[in-house]
Amino acid sequence: MYDLIVIGAGPGGYEAAAYAAKLGKKVALCEKNELGGTCLNVGCIPTKTLLRSAKAFEDCQEAKLYGVHGAAQASLDLAAVQARKKSVVDTLIKGVTGMLKRAGVDVIKAEAKLVAPGKVSADGKIYEAANILVATGSVPAVPPIPGLRDNPQVLDSTGILNLDTVPESLVIIGAGVIGLEFASFFATVGSKVTVVEMLPKIAPVVDEEIAKGLMTALKKLGVTFNLSCKVTRVEGSTLFFTDPEGKEQKVIGTYILNSTGRSPVLKGIGLEECGVFFDRRGMKTDEFGKTNVPGIWACGDVTGRCLLAHAATREGIVAVNNMFGKPDRMRYSAVPSVIYTHPEVAQVGATEAELKEKGIAYRKAVMPMAIAGRFIVEHAGKTGTVKVLVSEKYGQVLGVHMIGGACGEFIASAAAMVELELCVEDVRQIVFPHPTCSEALKETVINA
Amino acid sequence: MANAIVMPKAGNSVEECLLSKWRVKVGDVIKTGDIICDIETDKSAIEVEATADGTVLALFWQEGDLVPVLQNILAVGTPGEDVSALAPAGGSAPAIADAVAEAATATTAAVATPTEAPAAPVAASTTAPVANAPLSPRARKFVAEHPFVLPAINGSGANGRIMEKDVAEAYRNAARLSPAAAAMRADGVATPATGTGVSGMIRAEDMGKAAAAPATPTAAAPAPAPAAPTAAAVADVITEKPFPQIRKIIAKRLHESLSSMAQYTLNAEADVTGLLALRQRIKEQGEALKLANINIGDMVMFAVIKTLQKHPEFNAEFGDNVLRMHSAINIGFACDTPRGLMVPVLHNAQTMSLGEMSNTVKTLAKQANAGNLNPDLMQGATFTVSNLGALGITNFTPVISAPQVAILGVCKTLLRPVRDKNGDICYRDFMQFSLTMNHMVLDGAPGAQFLNTLRSIIENFELVCIAG
Ligand SMILES: Cc1cc2nc3c(=O)[nH]c(=O)nc-3n(C[C@H](O)[C@H](O)[C@H](O)COP(=O)(O)OP(=O)(O)OC[C@H]3O[C@@H](n4cnc5c(N)ncnc54)[C@H](O)[C@@H]3O)c2cc1C
């Protein structure tokens with residue numbers, strides 16, 4: 001009899017399992033694939049490894065701006081990049097394995113299924129537990145577009161991570177975060193990239209001013225955008241779509257990347273049998289991670305709430321705390337998100353559009369990142385922007401939106417401002433190190 | 001021989017004072033003129049000086065006590081002397097132990113104070129927490145300086161008094177307020193006891209709502225009814241705000257005023273178009289002519305003084321069926337200060353020129369705001385003026401300060417269309433007045449006459465000034 005059985009060892013599941021075990025609970029963790037889930041194996045980590053290589057390649061091209069000559073002839077060996085990716089992933093999987101072992105979690109390497117509240121079957125055995133945390137994550141969605149399925153020219157985010165040569169051209173369906181990161185990578189390393197997006201804008205969750213800046217930066221890399229365009233069918237490596245005028249257009253790519261979204265893993269895990277509520281978008285949980293069935297909890301992509309690794313982790317910890325009587329609750333208002341394109345986009349809190357929609361009175365400040373000396377030092381010829389939204393009456397920091405350099409590295413300080421509801425005058429009292437790009441963040445807040 | 005130092009009589013009508021802070025403790029050596037404690041009347045804060053030399057042998061009252069004037073508050077003499085004969089009836093003896101105990105904890109003295117240690121557990125285990133148990137002054141200060149909601153707690157001091165260490169502990173365990181929520185609390189938005197932020201921090205979103213549902217469901221808890229609207233969403237939130245001493249006294253006085261008189265209010269208005277024009281000229285040329293910066297309020301006050309000279313029955317006190325009319329016109333004027341409502345008094349206002357009066361009013365108001373007004377300058381008013389015009393009030397019911405018989409409320413100036421001599425419509429500025437009187441003394445007709453005189457003086461202000 002376990003205190004907790006976790007199904008799925010992604011960042012939602014494995015962190016929750018380790019945390020519960022550290023609280024002294026008896027915990028089992030079931031995983032049908034590798035430990036680490038989407039994030040570690042085919043998501044965050046591999047994509048960031050690729051993007052790091054693209055950055056090195058870009059640095060070579062730009063080296064002359066910094067007085068370093070002879071680097072521009074550098075070439076990128078995608079097979080070597082993949083080898084590095086594999087070694088990074090392997091290292092991290094080992095890390096997770098060791099961490100779970102030290103915490104005392106029983107890892108069950110098998111597909112698991114709920115058979116009843118308090119009962120899980122895996123590996124032909126029935127395991128019992130007071131609490132079950134479902135963290136089965138998500139898989140690439142396949143929209144009903146003719147020719148998308150079973151077409152060797154069409155790859156999803158997992159498939160494209162296995163390419164050994166840089167394709168001559170790439171057509172990307174969907175300008176969401178995943179599509180844009182791949183666009184940034186392949187355009188940098190030499191592919192002709194075309195993005196086809198149904199909405200009139202890219203990165204719909206990003207503040208509009210910042211999203212525009214990102215589109216400009218990607219266009220400079222040579223990415224072609226077809227916005228407000230609906231994909232109608234795929235034939236081999238040709239993609240057909242209707243343009244905003246309603247005319248049929250086509251674009252050919254060595255490969256076509258389907259990055260239209262993610263589907264929660266809900267089938268075959270016994271939710272129906274146990275009477276757990278879910279819909280197409282995911283399992284239904286409250287702010288404590290509870291489902292409608294006592295003793296069954298859920299976290300991460302399977303809830304469809306916020307498809308980010310760190311959100312999954314936090315939701316898992318919240319659920320564990322509540323299972324064992326420690327007050328805690330999930331808040332989404334200060335979950336930061338980063339797009340690891342070059343330049344990076346980082347944001348936390350409300351976008352300007354959200355504030356307008358909710359009728360919240362606000363003030364805003366928008367400043368170039370170049371007001372921080374370090375930005376000019378590090379990013380010759382580049383631009384960046386910081387946008388800060390604060391409440392009209394109290395100057396409470398409500399949203400921070402940035403593009404430029406590696407701004408994802410300091411969005412955490414903005415997240416603390418939003419989470420702790422600091423006001424402009426509070427931030428004025430916080431000392432930021434000089435010279436760093438983060439000074440642009442402080443400067444913008446105190447000008448809001 | 002040991003001597004006693006008494007609570008001074010801080011003004012003629014003062015019967016008791018709040019002992020707000022001791023500046024000395026038992027064992028201190030003091031000499032005449034040293035500050036021994038701070039006291040407050042309903043109107044001011046004063047430092048009390050020692051009137052004898054020696055070692056402090058006993059403090060007879062506790063901080064926060066309301067002490068009758070001329071009562072012994074402290075014994076001074078040679079160590080070892082018996083001071084029991086000096087102890088006043090009604091003095092709160094535990095104060096001595098408390099004060100020492102708290103001083104000891106505050107200065108982290110290594111020696112435990114025997115008086116406190118055994119007392120605390122008894123108090124804690126037998127008494128249920130009381131929402132408004134008395135707070136020691138240091139505890140009160142701590143609460144004022146820390147942004148949190150003080151829950152009902154047990155005091156560890158004598159008689160359940162809540163000490164600084166009690167509130168400090170409560171603070172460590174209580175929900176913090178986010179800076180944004182704290183700003184909202186300062187604006188008067190109701191604060192729930194717990195919130196939904198980091199470690200239960202009270203967030204802006206929680207303000208004005210009921211306390212967040214405790215986030216501690218157990219695994220065995222029954223399934224929540226899906227999507228049932230929670231009653232908590234509309235629950236009433238009660239925020240208790242215990243009255244500080246000064247406010248208690250104000251409340252008592254106001255209630256006594258209304259329960260002892262037949263108060264009623266007449267409203268009238270006066271054309272101040274001319275007054276406003278005069279004010280404009282003073283503003284433009286006053287400096288060159290070395291005039292005081294006389295404002296509309298000063299002019300109205302001056303008109304009131306002239307009016308009172310013509311209606312002596314308004315410049316009076318009433319009691320025991322006798323009306324006492326004063327020849328001196330001492331006008332009290334209400335000031336809203338950071339310490340609450342204060343009423344400085346313009347003594348012998350009938351002797352002052354308009355310029356003098358204007359300067360005196362400004363000086364008194366400034367001192368009242370700073371809290372260093374001599375208490376005697378808040379005594380002896382024979383009539384009171386209260387001005388809410390700047391706050392946009394068009395008429396109200398001022399409450400008389402007993403034993404006076406009337407009070408004039410000065411209200412907002414309104415623009416009104418009137419017919420001029422030729423029957424044409426023109427616009428004029430009219431200031432509004434609300435005169436509350438004690439009907440036991442003053443009937444409607446004299447009240448109307450008073451207001452008519454006031455109007456006539458205001459509307460012919462320059463002539464009245466020339467007449468002197
Ligand atoms: C290309 C890409 C890039 C991304 N980049 C980022 C990024 O930079 N930052 C970020 O925050 N997020 C990123 N994400 C999203 C992130 O990967 C997910 O939000 C995160 O992995 C969700 O974690 P999870 O624990 O909910 O689920 P997952 O990571 O999907 O893990 C679920 C696990 O459950 C296992 N499982 C499923 N069913 C069963 C079963 N029946 N029995 C046993 N095991 C089962 C699966 O095998 C899987 O290992 C990216 C995603 C992709 C696809």
# chains A, B, ... in the order shown; residues from 1 in each chain; ligands from 1
>>> residues_near_ligand(ligand="ligand 1", cutoff="6 Å", atoms="only C-alpha atoms and all ligand atoms", output="PyMOL selection string")
chain A and resi 7-13+30-33+36-39+43-44+47+110-113+135-138+157+178+269+300-302+307-310+312
>>> select_by_dssp(residues="stretch 11-215 of chain A", states="helix (DSSP H, G or I)", output="JSON, numbers by chain")
{"A": [13, 14, 15, 16, 17, 18, 19, 20, 21, 22, 37, 38, 39, 40, 41, 42, 44, 45, 46, 47, 48, 49, 50, 51, 52, 53, 54, 55, 56, 57, 58, 59, 60, 61, 62, 63, 64, 65, 66, 78, 79, 80, 81, 82, 83, 84, 85, 86, 87, 88, 89, 90, 91, 92, 93, 94, 95, 96, 97, 98, 99, 100, 101, 102, 103, 157, 158, 159, 160, 177, 178, 179, 180, 181, 182, 183, 184, 185, 186, 187, 188, 208, 209, 210, 211, 212, 213, 214, 215]}
>>> closest_atom_pairs(of="chain A", to="chain B", cutoff="8 Å", atoms="only C-alpha atoms", output="JSON lines")
{"residue": "A:Ala130", "atom": "CA", "partner": "B:Ala219", "partner_atom": "CA", "distance": 7.1}
{"residue": "A:Asn131", "atom": "CA", "partner": "B:Ala219", "partner_atom": "CA", "distance": 6.7}
{"residue": "A:Phe288", "atom": "CA", "partner": "B:Ala215", "partner_atom": "CA", "distance": 7.1}
{"residue": "A:Asn292", "atom": "CA", "partner": "B:Ala223", "partner_atom": "CA", "distance": 5.7}
{"residue": "A:Val293", "atom": "CA", "partner": "B:Ala223", "partner_atom": "CA", "distance": 5.7}
{"residue": "A:Pro294", "atom": "CA", "partner": "B:Ala223", "partner_atom": "CA", "distance": 5.2}
{"residue": "A:Gly295", "atom": "CA", "partner": "B:Ala219", "partner_atom": "CA", "distance": 5.2}
{"residue": "A:Asn322", "atom": "CA", "partner": "B:Thr216", "partner_atom": "CA", "distance": 5.5}
{"residue": "A:Met323", "atom": "CA", "partner": "B:Ala219", "partner_atom": "CA", "distance": 5.3}
{"residue": "A:Phe324", "atom": "CA", "partner": "B:Thr218", "partner_atom": "CA", "distance": 6.6}
{"residue": "A:Gly325", "atom": "CA", "partner": "B:Thr216", "partner_atom": "CA", "distance": 5.0}
{"residue": "A:Lys326", "atom": "CA", "partner": "B:Thr216", "partner_atom": "CA", "distance": 5.9}
{"residue": "A:Pro327", "atom": "CA", "partner": "B:Ala215", "partner_atom": "CA", "distance": 4.5}
{"residue": "A:Asp328", "atom": "CA", "partner": "B:Ala215", "partner_atom": "CA", "distance": 5.6}
{"residue": "A:Arg329", "atom": "CA", "partner": "B:Ala215", "partner_atom": "CA", "distance": 6.5}
{"residue": "A:Arg331", "atom": "CA", "partner": "B:Gly197", "partner_atom": "CA", "distance": 7.8}
{"residue": "A:Tyr394", "atom": "CA", "partner": "B:Ala180", "partner_atom": "CA", "distance": 6.4}
{"residue": "A:Gly395", "atom": "CA", "partner": "B:Ala180", "partner_atom": "CA", "distance": 8.0}
{"residue": "A:Gln396", "atom": "CA", "partner": "B:Ala180", "partner_atom": "CA", "distance": 5.8}
{"residue": "A:Glu419", "atom": "CA", "partner": "B:Val198", "partner_atom": "CA", "distance": 7.5}
{"residue": "A:Leu420", "atom": "CA", "partner": "B:Ser178", "partner_atom": "CA", "distance": 5.9}
{"residue": "A:Glu421", "atom": "CA", "partner": "B:Ser178", "partner_atom": "CA", "distance": 5.6}
{"residue": "A:Leu422", "atom": "CA", "partner": "B:Pro179", "partner_atom": "CA", "distance": 5.6}
{"residue": "A:Cys423", "atom": "CA", "partner": "B:Ala180", "partner_atom": "CA", "distance": 6.3}
{"residue": "A:Asp426", "atom": "CA", "partner": "B:Pro179", "partner_atom": "CA", "distance": 7.8}
>>> residues_around(residues="A:Gly282", least_positions_apart="2", cutoff="10 Å", atoms="only C-alpha atoms", output="number ranges by chain")
A: 137-138, 263-266, 277-280, 284-285, 298, 300-305
>>> residues_around(residues="B:Pro134", least_positions_apart="3", cutoff="8 Å", atoms="only C-alpha atoms", output="ChimeraX atom specification")
/B:160-162
>>> write_last_selection(atoms="C-alpha atoms", output="PDB file, in the first residue's frame")
ATOM      1  CA  GLY B 160      -4.564  38.913  29.554  1.00  0.00           C
ATOM      2  CA  ARG B 161      -2.945  42.075  28.253  1.00  0.00           C
ATOM      3  CA  ILE B 162      -1.408  41.465  24.824  1.00  0.00           C
TER       4      ILE B 162
END
